[in-house]
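All remarks here apply to the structure that follows.
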Amino acid sequence: MEAEMVRADMAQAETTPTPDEAVEARVIDALLAKGRLKDADLGRARRLQVETGGSLLALLGRLGLVSERDHADAVAEVTGLPLVSAQAAPDLPPEDVSLSVKFMKQFHVCPLNAGEHGVELLMADPQDAYTVDAVRLALARPLRLQIGLRSEIEALIERWFGQGRSAMGAIVETAEGEGSGDLDDVEHLRDLASEAPVIRLVNLIIQRAVELRASDIHIEPFENRLKVRYRVDGVLQEGESPPPNLTAAVISRIKIMAKLNIAERRLPQDGRIMLRVQGKELDLRVSTIPTAHGESVVMRLLDRETVVFDFKRLGFTDHFLPQFQKVLDQPHGILLVTGPTGSGKTTTLYTALSKLNTPDVKIITVEDPVEYQIEGINQIQAKPQIGLDFAHALRSIVRQDPDIIMIGEMRDLETCRIAIQSALTGHLVLSTLHTNNAAGGITRLLDMGVEDYLLTSTVNGILAQRLVRRLDSQHAERYPASAEEIEKFGLRRYQPEGEIHLFRPRPSAASPTGYSGRTTIMEFLVMNDELRRAVMRHAGMGELEEIARRGGMRTMYEDGIAKALAGETTIEEVLRVTEDA
């Protein structure tokens with residue numbers, strides 16, 4: 001009888017999760033609920049865990065199925081412990097606290113501060129009771145747990161207790177002597193690019209870009225250095241650079257990943273890399289161009305999982321959205337989106353297409369390149385090198401019986417004419433133009449040679465937009481506007497009475513710039529009879545804009561000022577991207 005009871009207790013112990021496992025299960029559930037972890041990836045990790053053992057959460061991180069940031073956010077949410085940035089740590093470690101560096105590196109823990117209330121301990125996995133108990137015994141003091149990112153904890157340990165090397169510095173040390181030899185020998189270059197240190201170096205550059213939420217990576221060779229810069233929220237910032245002797249190897253590695261010809265260094269090339277970094281499906285568009293000191297490489301990062309096609313999230317206000325929706329709902333005609341490169345035109349068009357994408361309409365697009373693939377839309381990749389340019393593709397598209405056509409860009413008169421013919425024959429055409437404002441779209445088409453009577457009978461509306469950095473609501477400071485600011489920016493037009501307040505960023509360790517992400521400022525010109533008459537007499541851009549404003553158009557500058565007063569961005573950001581300043 002006693003033996004049976006013992007066996008029953010043992011069986012129950014095997015099936016009952018420990019406190020560590022229970023917390024881990026809740027963290028994994030939180031990651032699944034937020035869409036930060038896929039069921040298929042979890043299943044794969046569980047099968048591997050059966051063979052290797054250990055923590056499932058740690059295994060997900062090692063496999064790159066969950067990013068450090070998502071892991072830390074989920075643990076903070078489940079445990080209720082504060083998430084802090086190790087970058088804000090003091091210059092020196094607490095004096096009277098000593099732990100083995102090997103132990104700290106192995107378990108990703110580091111004491112931050114020590115005082116009369118105990119020791120603040122930074123941990124990547126605070127649910128690991130074994131590690132917490134071991135530190136408590138070693139220090140014989142109460143602990144206050146805080147959550148940090150693994151990479152930040154590793155960097156802090158290295159800064160305080162190591163030789164102060166960065167992750168890139170550690171890789172470079174192992175690559176000493178690499179990069180020498182005949183750099184004109186293609187096979188030697190291929191061998192260099194396949195060396196482990198170079199592979200880790202390129203992976204680290206891409207990983208840094210993901211952590212910074214960068215949209216582009218610029219790798220630029222100069223005479224005595226290789227410069228790496230990241231475009232974060234539209235502004236370039238310099239990162240840690242690899243040594244110049246690895247320039248050829250790093251660039252060759254990227255070209256191999258993008259399936260480009262590494263022997264061709266005299267002509268520009270374009271390619272694509274599909275990657276999985278920190279649990280994110282990444283699509284990198286790679287462009288190389290020859291410069292005086294080697295090839296300059298730019299990689300544009302497209303995160304397929306985080307892009308959300310939602311007008312409100314893009315920055316469309318209640319003032320704009322009804323007008324835009326009304327033009328979008330028209331059965332035929334042309335809707336143009338204008339702005340410089342990188343102003344979010346394509347994302348706006350994709351959002352419009354996703355709203356129009358219903359089972360009863362056929363949508364065909366011709367793009368160069370296809371940035372996001374949308375289920376239910378026929379997307380054509382233009383290939384000018386084999387003769388498949390926008391104009392040639394468009395002639396074939398109209399024979400495919402589409403309802404809606406999207407053209408990546410109106411680049412030449414032939415493309416414009418076919419688009420106009422399509423609009424005249426009952427199709428809705430969406431496209432982009434490179435102009436600085438909405439009224440400029442009309443004058444650009446006239447300058448390209450489009451007949452005025454065709455333009456007035458087909459163009460329904462022109463949206464011009466720019467991207468400004470969005471204030472991080474947790475790190476924004478509200479302050480009363482001065483009399484000079486009120487007069488200079490005409491703020492009384494937006495708020496006739498009461499004290500006017502503006503906002504400015506308050507940088508912190510968690511948000512170094514005080515900004516987080518971007519939002520759109522825009523102006524929307526809707527064609528009316530007065531505008532059509534002005535187009536027929538070839539009125540100038542200034543007159544067209546004045547007529548549109550009389551018809552209710554709010555300029556980009558005015559939209560930006562309204563968003564600055566609402567605390568979404570700052571006056572400085574609006575002035576940075578608009579010409580009305």
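By order in the structure tokens, chains are A, B, ...; within a chain, residues start at 1; ligands start at 1, following the order shown.
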Next item on the list: Using DSSP on the backbone, list every residue of region 210-268 of chain A that comes out as alpha helix (DSSP H), and give them as a VMD selection string.
Entry: chain A and resid 210 to 212 247 to 257
I want to know what sits within 10 Å of region 560-564 of chain A, based on only C-alpha atoms, with residues of the same chain fewer than 6 positions away left out; could you give that as a PDB file with N, CA, C and O atoms, in the first residue's frame?
```pdb
ATOM      1  N   GLY A 315      -1.581  57.572 -39.791  1.00  0.00           N
ATOM      2  CA  GLY A 315      -1.651  58.998 -39.459  1.00  0.00           C
ATOM      3  C   GLY A 315      -2.790  59.731 -40.137  1.00  0.00           C
ATOM      4  O   GLY A 315      -2.850  60.956 -40.090  1.00  0.00           O
ATOM      5  N   THR A 317      -6.145  61.337 -40.260  1.00  0.00           N
ATOM      6  CA  THR A 317      -7.047  61.874 -39.229  1.00  0.00           C
ATOM      7  C   THR A 317      -8.488  61.842 -39.744  1.00  0.00           C
ATOM      8  O   THR A 317      -8.740  61.576 -40.925  1.00  0.00           O
ATOM      9  N   ARG A 466       4.500  63.261 -46.148  1.00  0.00           N
ATOM     10  CA  ARG A 466       5.854  63.145 -45.591  1.00  0.00           C
ATOM     11  C   ARG A 466       5.757  62.338 -44.303  1.00  0.00           C
ATOM     12  O   ARG A 466       4.680  62.265 -43.688  1.00  0.00           O
ATOM     13  N   LEU A 467       6.886  61.798 -43.872  1.00  0.00           N
ATOM     14  CA  LEU A 467       6.936  61.084 -42.598  1.00  0.00           C
ATOM     15  C   LEU A 467       7.677  61.925 -41.562  1.00  0.00           C
ATOM     16  O   LEU A 467       8.754  62.457 -41.849  1.00  0.00           O
ATOM     17  N   VAL A 468       7.084  62.068 -40.381  1.00  0.00           N
ATOM     18  CA  VAL A 468       7.753  62.759 -39.263  1.00  0.00           C
ATOM     19  C   VAL A 468       7.868  61.787 -38.098  1.00  0.00           C
ATOM     20  O   VAL A 468       7.065  60.861 -37.970  1.00  0.00           O
ATOM     21  N   ARG A 470       7.429  60.235 -34.565  1.00  0.00           N
ATOM     22  CA  ARG A 470       6.336  60.292 -33.595  1.00  0.00           C
ATOM     23  C   ARG A 470       6.919  60.366 -32.177  1.00  0.00           C
ATOM     24  O   ARG A 470       7.853  59.624 -31.846  1.00  0.00           O
ATOM     25  N   LEU A 471       6.395  61.255 -31.365  1.00  0.00           N
ATOM     26  CA  LEU A 471       6.849  61.363 -29.969  1.00  0.00           C
ATOM     27  C   LEU A 471       6.493  60.107 -29.192  1.00  0.00           C
ATOM     28  O   LEU A 471       5.384  59.575 -29.328  1.00  0.00           O
ATOM     29  N   PHE A 489       4.377  80.625 -35.794  1.00  0.00           N
ATOM     30  CA  PHE A 489       3.749  79.468 -36.431  1.00  0.00           C
ATOM     31  C   PHE A 489       2.237  79.620 -36.584  1.00  0.00           C
ATOM     32  O   PHE A 489       1.570  78.687 -37.032  1.00  0.00           O
ATOM     33  N   GLY A 490       1.704  80.794 -36.211  1.00  0.00           N
ATOM     34  CA  GLY A 490       0.269  81.035 -36.376  1.00  0.00           C
ATOM     35  C   GLY A 490      -0.591  80.048 -35.611  1.00  0.00           C
ATOM     36  O   GLY A 490      -1.594  79.531 -36.117  1.00  0.00           O
ATOM     37  N   LEU A 491      -0.220  79.761 -34.360  1.00  0.00           N
ATOM     38  CA  LEU A 491      -0.892  78.708 -33.590  1.00  0.00           C
ATOM     39  C   LEU A 491      -2.317  79.087 -33.182  1.00  0.00           C
ATOM     40  O   LEU A 491      -3.129  78.198 -32.897  1.00  0.00           O
ATOM     41  N   ARG A 493      -4.609  80.067 -35.012  1.00  0.00           N
ATOM     42  CA  ARG A 493      -5.563  79.545 -36.011  1.00  0.00           C
ATOM     43  C   ARG A 493      -6.105  78.175 -35.602  1.00  0.00           C
ATOM     44  O   ARG A 493      -7.205  77.798 -35.963  1.00  0.00           O
ATOM     45  N   TYR A 494      -5.283  77.436 -34.858  1.00  0.00           N
ATOM     46  CA  TYR A 494      -5.660  76.067 -34.492  1.00  0.00           C
ATOM     47  C   TYR A 494      -6.335  76.021 -33.122  1.00  0.00           C
ATOM     48  O   TYR A 494      -7.089  75.111 -32.829  1.00  0.00           O
ATOM     49  N   GLN A 495      -6.007  76.989 -32.267  1.00  0.00           N
ATOM     50  CA  GLN A 495      -6.603  77.046 -30.928  1.00  0.00           C
ATOM     51  C   GLN A 495      -6.871  78.510 -30.577  1.00  0.00           C
ATOM     52  O   GLN A 495      -6.007  79.189 -30.025  1.00  0.00           O
ATOM     53  N   HIS A 501      -0.251  74.721 -25.609  1.00  0.00           N
ATOM     54  CA  HIS A 501       0.871  73.887 -25.173  1.00  0.00           C
ATOM     55  C   HIS A 501       1.473  73.144 -26.363  1.00  0.00           C
ATOM     56  O   HIS A 501       0.755  72.701 -27.251  1.00  0.00           O
ATOM     57  N   LEU A 502       2.792  73.017 -26.347  1.00  0.00           N
ATOM     58  CA  LEU A 502       3.509  72.204 -27.327  1.00  0.00           C
ATOM     59  C   LEU A 502       4.229  71.075 -26.590  1.00  0.00           C
ATOM     60  O   LEU A 502       4.184  71.008 -25.353  1.00  0.00           O
ATOM     61  N   PHE A 503       4.881  70.207 -27.344  1.00  0.00           N
ATOM     62  CA  PHE A 503       5.557  69.049 -26.743  1.00  0.00           C
ATOM     63  C   PHE A 503       6.980  68.958 -27.286  1.00  0.00           C
ATOM     64  O   PHE A 503       7.260  69.353 -28.408  1.00  0.00           O
ATOM     65  N   ARG A 504       7.867  68.425 -26.437  1.00  0.00           N
ATOM     66  CA  ARG A 504       9.238  68.170 -26.892  1.00  0.00           C
ATOM     67  C   ARG A 504       9.685  66.803 -26.371  1.00  0.00           C
ATOM     68  O   ARG A 504       9.172  66.327 -25.342  1.00  0.00           O
ATOM     69  N   THR A 519       4.909  58.935 -38.076  1.00  0.00           N
ATOM     70  CA  THR A 519       3.531  59.132 -38.505  1.00  0.00           C
ATOM     71  C   THR A 519       3.551  60.002 -39.758  1.00  0.00           C
ATOM     72  O   THR A 519       4.585  60.574 -40.113  1.00  0.00           O
ATOM     73  N   THR A 520       2.419  60.089 -40.435  1.00  0.00           N
ATOM     74  CA  THR A 520       2.345  60.794 -41.714  1.00  0.00           C
ATOM     75  C   THR A 520       1.716  62.174 -41.537  1.00  0.00           C
ATOM     76  O   THR A 520       0.747  62.322 -40.809  1.00  0.00           O
ATOM     77  N   ILE A 521       2.287  63.177 -42.222  1.00  0.00           N
ATOM     78  CA  ILE A 521       1.579  64.451 -42.376  1.00  0.00           C
ATOM     79  C   ILE A 521       1.260  64.572 -43.867  1.00  0.00           C
ATOM     80  O   ILE A 521       2.060  64.157 -44.702  1.00  0.00           O
ATOM     81  N   MET A 522       0.101  65.099 -44.189  1.00  0.00           N
ATOM     82  CA  MET A 522      -0.348  65.011 -45.580  1.00  0.00           C
ATOM     83  C   MET A 522      -1.233  66.174 -45.985  1.00  0.00           C
ATOM     84  O   MET A 522      -1.742  66.920 -45.143  1.00  0.00           O
ATOM     85  N   GLU A 523      -1.395  66.297 -47.302  1.00  0.00           N
ATOM     86  CA  GLU A 523      -2.391  67.201 -47.881  1.00  0.00           C
ATOM     87  C   GLU A 523      -3.071  66.446 -49.015  1.00  0.00           C
ATOM     88  O   GLU A 523      -2.430  65.660 -49.720  1.00  0.00           O
ATOM     89  N   ARG A 554      -6.200  71.154 -46.544  1.00  0.00           N
ATOM     90  CA  ARG A 554      -5.279  71.589 -45.488  1.00  0.00           C
ATOM     91  C   ARG A 554      -3.874  71.169 -45.907  1.00  0.00           C
ATOM     92  O   ARG A 554      -3.667  70.010 -46.260  1.00  0.00           O
ATOM     93  N   THR A 570       6.646  66.979 -32.979  1.00  0.00           N
ATOM     94  CA  THR A 570       7.127  68.280 -32.518  1.00  0.00           C
ATOM     95  C   THR A 570       7.156  69.267 -33.681  1.00  0.00           C
ATOM     96  O   THR A 570       7.203  68.874 -34.845  1.00  0.00           O
ATOM     97  N   ILE A 571       7.157  70.555 -33.345  1.00  0.00           N
ATOM     98  CA  ILE A 571       7.263  71.616 -34.362  1.00  0.00           C
ATOM     99  C   ILE A 571       8.543  71.416 -35.178  1.00  0.00           C
ATOM    100  O   ILE A 571       8.554  71.575 -36.395  1.00  0.00           O
ATOM    101  N   GLU A 572       9.645  71.058 -34.496  1.00  0.00           N
ATOM    102  CA  GLU A 572      10.941  70.885 -35.171  1.00  0.00           C
ATOM    103  C   GLU A 572      10.863  69.826 -36.260  1.00  0.00           C
ATOM    104  O   GLU A 572      11.442  69.988 -37.348  1.00  0.00           O
ATOM    105  N   GLU A 573      10.152  68.725 -35.983  1.00  0.00           N
ATOM    106  CA  GLU A 573      10.004  67.660 -36.978  1.00  0.00           C
ATOM    107  C   GLU A 573       9.231  68.138 -38.197  1.00  0.00           C
ATOM    108  O   GLU A 573       9.573  67.832 -39.333  1.00  0.00           O
ATOM    109  N   VAL A 574       8.177  68.914 -37.948  1.00  0.00           N
ATOM    110  CA  VAL A 574       7.354  69.434 -39.059  1.00  0.00           C
ATOM    111  C   VAL A 574       8.195  70.364 -39.925  1.00  0.00           C
ATOM    112  O   VAL A 574       8.167  70.292 -41.158  1.00  0.00           O
ATOM    113  N   LEU A 575       8.991  71.234 -39.294  1.00  0.00           N
ATOM    114  CA  LEU A 575       9.844  72.161 -40.044  1.00  0.00           C
ATOM    115  C   LEU A 575      10.917  71.405 -40.817  1.00  0.00           C
ATOM    116  O   LEU A 575      11.339  71.834 -41.899  1.00  0.00           O
ATOM    117  N   VAL A 577      10.721  68.589 -42.420  1.00  0.00           N
ATOM    118  CA  VAL A 577      10.301  67.885 -43.634  1.00  0.00           C
ATOM    119  C   VAL A 577       9.388  68.690 -44.556  1.00  0.00           C
ATOM    120  O   VAL A 577       9.049  68.226 -45.638  1.00  0.00           O
ATOM    121  N   THR A 578       8.954  69.899 -44.138  1.00  0.00           N
ATOM    122  CA  THR A 578       8.058  70.670 -45.007  1.00  0.00           C
ATOM    123  C   THR A 578       8.753  71.909 -45.536  1.00  0.00           C
ATOM    124  O   THR A 578       9.588  72.507 -44.850  1.00  0.00           O
TER     125      THR A 578
END
```
Notebook entry, point to check: Hey, can you check how far CA of His538 (chain A) sits from CA of Ser431 (chain A)?
Noted result: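 Interatomic distance here is 22.5 Å.
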Notebook entry, point to check: Any idea what's packed within 12 Å of Val109 (chain A), counting only C-alpha atoms, ignoring anything in its chain fewer than 6 positions away? Could you give it as a ChimeraX atom specification?
Noted result: /A:86,99-103,120-126,128,131-132,134-135,145-157
With DSSP run on the backbone, what are the strand (DSSP E) residues within region 30-118 of chain A? I'd like them as a PDB file with all heavy atoms, in the first residue's frame.
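Result saved to states37.pdb:
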```
ATOM      1  N   VAL A 109      23.126  37.418 -15.604  1.00  0.00           N
ATOM      2  CA  VAL A 109      22.734  38.224 -14.447  1.00  0.00           C
ATOM      3  C   VAL A 109      23.850  39.230 -14.169  1.00  0.00           C
ATOM      4  O   VAL A 109      25.014  38.969 -14.477  1.00  0.00           O
ATOM      5  CB  VAL A 109      22.490  37.366 -13.174  1.00  0.00           C
ATOM      6  CG1 VAL A 109      21.372  36.388 -13.388  1.00  0.00           C
ATOM      7  CG2 VAL A 109      23.758  36.651 -12.735  1.00  0.00           C
ATOM      8  N   CYS A 110      23.477  40.373 -13.583  1.00  0.00           N
ATOM      9  CA  CYS A 110      24.493  41.363 -13.229  1.00  0.00           C
ATOM     10  C   CYS A 110      23.927  42.274 -12.145  1.00  0.00           C
ATOM     11  O   CYS A 110      22.819  42.800 -12.291  1.00  0.00           O
ATOM     12  CB  CYS A 110      24.871  42.186 -14.461  1.00  0.00           C
ATOM     13  SG  CYS A 110      26.268  43.290 -14.181  1.00  0.00           S
ATOM     14  N   PRO A 111      24.651  42.446 -11.020  1.00  0.00           N
ATOM     15  CA  PRO A 111      24.186  43.383  -9.989  1.00  0.00           C
ATOM     16  C   PRO A 111      24.325  44.817 -10.485  1.00  0.00           C
ATOM     17  O   PRO A 111      25.379  45.208 -10.977  1.00  0.00           O
ATOM     18  CB  PRO A 111      25.125  43.105  -8.805  1.00  0.00           C
ATOM     19  CG  PRO A 111      26.337  42.485  -9.403  1.00  0.00           C
ATOM     20  CD  PRO A 111      25.925  41.800 -10.659  1.00  0.00           C
ATOM     21  N   LEU A 112      23.243  45.595 -10.361  1.00  0.00           N
ATOM     22  CA  LEU A 112      23.252  46.974 -10.864  1.00  0.00           C
ATOM     23  C   LEU A 112      23.642  47.969  -9.778  1.00  0.00           C
ATOM     24  O   LEU A 112      24.506  48.805  -9.956  1.00  0.00           O
ATOM     25  CB  LEU A 112      21.861  47.342 -11.391  1.00  0.00           C
ATOM     26  CG  LEU A 112      21.557  47.208 -12.877  1.00  0.00           C
ATOM     27  CD1 LEU A 112      20.195  47.791 -13.183  1.00  0.00           C
ATOM     28  CD2 LEU A 112      22.613  47.886 -13.726  1.00  0.00           C
ATOM     29  N   ASN A 113      22.933  47.891  -8.643  1.00  0.00           N
ATOM     30  CA  ASN A 113      23.167  48.817  -7.527  1.00  0.00           C
ATOM     31  C   ASN A 113      23.039  48.055  -6.217  1.00  0.00           C
ATOM     32  O   ASN A 113      22.366  47.025  -6.154  1.00  0.00           O
ATOM     33  CB  ASN A 113      22.140  49.960  -7.541  1.00  0.00           C
ATOM     34  CG  ASN A 113      22.359  50.912  -8.705  1.00  0.00           C
ATOM     35  OD1 ASN A 113      23.404  51.531  -8.808  1.00  0.00           O
ATOM     36  ND2 ASN A 113      21.368  51.007  -9.585  1.00  0.00           N
ATOM     37  N   ALA A 114      23.676  48.562  -5.185  1.00  0.00           N
ATOM     38  CA  ALA A 114      23.552  47.964  -3.862  1.00  0.00           C
ATOM     39  C   ALA A 114      23.311  49.077  -2.846  1.00  0.00           C
ATOM     40  O   ALA A 114      23.949  50.132  -2.908  1.00  0.00           O
ATOM     41  CB  ALA A 114      24.821  47.194  -3.513  1.00  0.00           C
ATOM     42  N   GLY A 115      22.360  48.835  -1.947  1.00  0.00           N
ATOM     43  CA  GLY A 115      22.047  49.835  -0.933  1.00  0.00           C
ATOM     44  C   GLY A 115      21.508  49.174   0.311  1.00  0.00           C
ATOM     45  O   GLY A 115      21.574  47.945   0.469  1.00  0.00           O
ATOM     46  N   GLY A 118      18.999  46.334  -0.159  1.00  0.00           N
ATOM     47  CA  GLY A 118      19.422  45.111  -0.841  1.00  0.00           C
ATOM     48  C   GLY A 118      20.114  45.417  -2.155  1.00  0.00           C
ATOM     49  O   GLY A 118      20.553  46.542  -2.402  1.00  0.00           O
TER      50      GLY A 118
END
```
Checklist line | Spatial neighbours of Ile418 (chain A), 12 Å, only C-alpha atoms, chain gap at least 2 places, as a PyMOL selection string | finding: chain A and resi 334+390-398+405+407+410-416+420-425+427+429+450+454+458
Please dump the current selection as a PDB file, in the first residue's frame; keep C-alpha atoms.
```pdb
ATOM      1  CA  ILE A 334      -6.761  58.071 -61.182  1.00  0.00           C
ATOM      2  CA  PHE A 390       5.748  49.634 -66.675  1.00  0.00           C
ATOM      3  CA  ALA A 391       4.393  50.617 -70.111  1.00  0.00           C
ATOM      4  CA  HIS A 392       4.857  47.148 -71.629  1.00  0.00           C
ATOM      5  CA  ALA A 393       3.289  45.421 -68.588  1.00  0.00           C
ATOM      6  CA  LEU A 394       0.353  47.867 -68.578  1.00  0.00           C
ATOM      7  CA  ARG A 395      -0.537  47.081 -72.205  1.00  0.00           C
ATOM      8  CA  SER A 396      -0.905  43.424 -71.219  1.00  0.00           C
ATOM      9  CA  ILE A 397      -2.671  44.145 -67.917  1.00  0.00           C
ATOM     10  CA  VAL A 398      -5.672  45.831 -69.538  1.00  0.00           C
ATOM     11  CA  ILE A 405      -4.712  48.717 -61.487  1.00  0.00           C
ATOM     12  CA  ILE A 407       1.331  51.237 -61.096  1.00  0.00           C
ATOM     13  CA  MET A 410       4.422  57.240 -63.321  1.00  0.00           C
ATOM     14  CA  ARG A 411       7.918  57.467 -64.811  1.00  0.00           C
ATOM     15  CA  ASP A 412       7.356  58.476 -68.430  1.00  0.00           C
ATOM     16  CA  LEU A 413       4.775  59.824 -70.838  1.00  0.00           C
ATOM     17  CA  GLU A 414       3.963  56.399 -72.313  1.00  0.00           C
ATOM     18  CA  THR A 415       3.107  54.979 -68.855  1.00  0.00           C
ATOM     19  CA  CYS A 416       0.978  58.057 -68.091  1.00  0.00           C
ATOM     20  CA  ILE A 420      -5.126  57.582 -68.504  1.00  0.00           C
ATOM     21  CA  GLN A 421      -6.607  55.339 -71.223  1.00  0.00           C
ATOM     22  CA  SER A 422      -7.250  52.675 -68.559  1.00  0.00           C
ATOM     23  CA  ALA A 423      -9.017  55.257 -66.346  1.00  0.00           C
ATOM     24  CA  LEU A 424     -11.119  56.438 -69.312  1.00  0.00           C
ATOM     25  CA  THR A 425     -12.215  52.851 -70.066  1.00  0.00           C
ATOM     26  CA  HIS A 427     -10.665  51.200 -64.424  1.00  0.00           C
ATOM     27  CA  VAL A 429      -5.827  53.427 -61.351  1.00  0.00           C
ATOM     28  CA  VAL A 450      -0.102  64.762 -70.741  1.00  0.00           C
ATOM     29  CA  LEU A 454      -7.313  64.085 -70.462  1.00  0.00           C
ATOM     30  CA  THR A 458      -9.317  61.269 -65.230  1.00  0.00           C
TER      31      THR A 458
END
```
Notebook entry, point to check: In terms of the shortest atom-to-atom distance over only C-alpha atoms, which of A:Glu367, A:Gln237, A:Leu65, A:His218 is closest to Gly35 (chain A)?
Noted result: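 Smallest distance to Gly35 (chain A) is found for A:Leu65.
Closest approach to Ala30 (chain A) from the set A:Ser55, A:Asn203, A:Thr79, A:Ser85 is made by A:Thr79, with distances taken over only C-alpha atoms.
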Check: Which residues come within 12 Å of Asn460 (chain A), counting only C-alpha atoms, excluding same-chain residues fewer than 6 positions away, as a ChimeraX atom specification?
Finding: /A:323-337,420,423-424,428-430,442,454,524-529,531-532
Item checked: Counting only C-alpha atoms, the option among A:Leu267, A:Glu68, A:Val23, A:Ser287 closest to Glu211 (chain A) ->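 Ranking A:Leu267, A:Glu68, A:Val23, A:Ser287 by distance to Glu211 (chain A), first place goes to A:Glu68.
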Item checked: Long-range neighbours of region 239-241 of chain A as an MDAnalysis selection string, 8 Å cut-off, only C-alpha atoms, 5 positions minimum in chain -> chainID A and resid 168 225:230
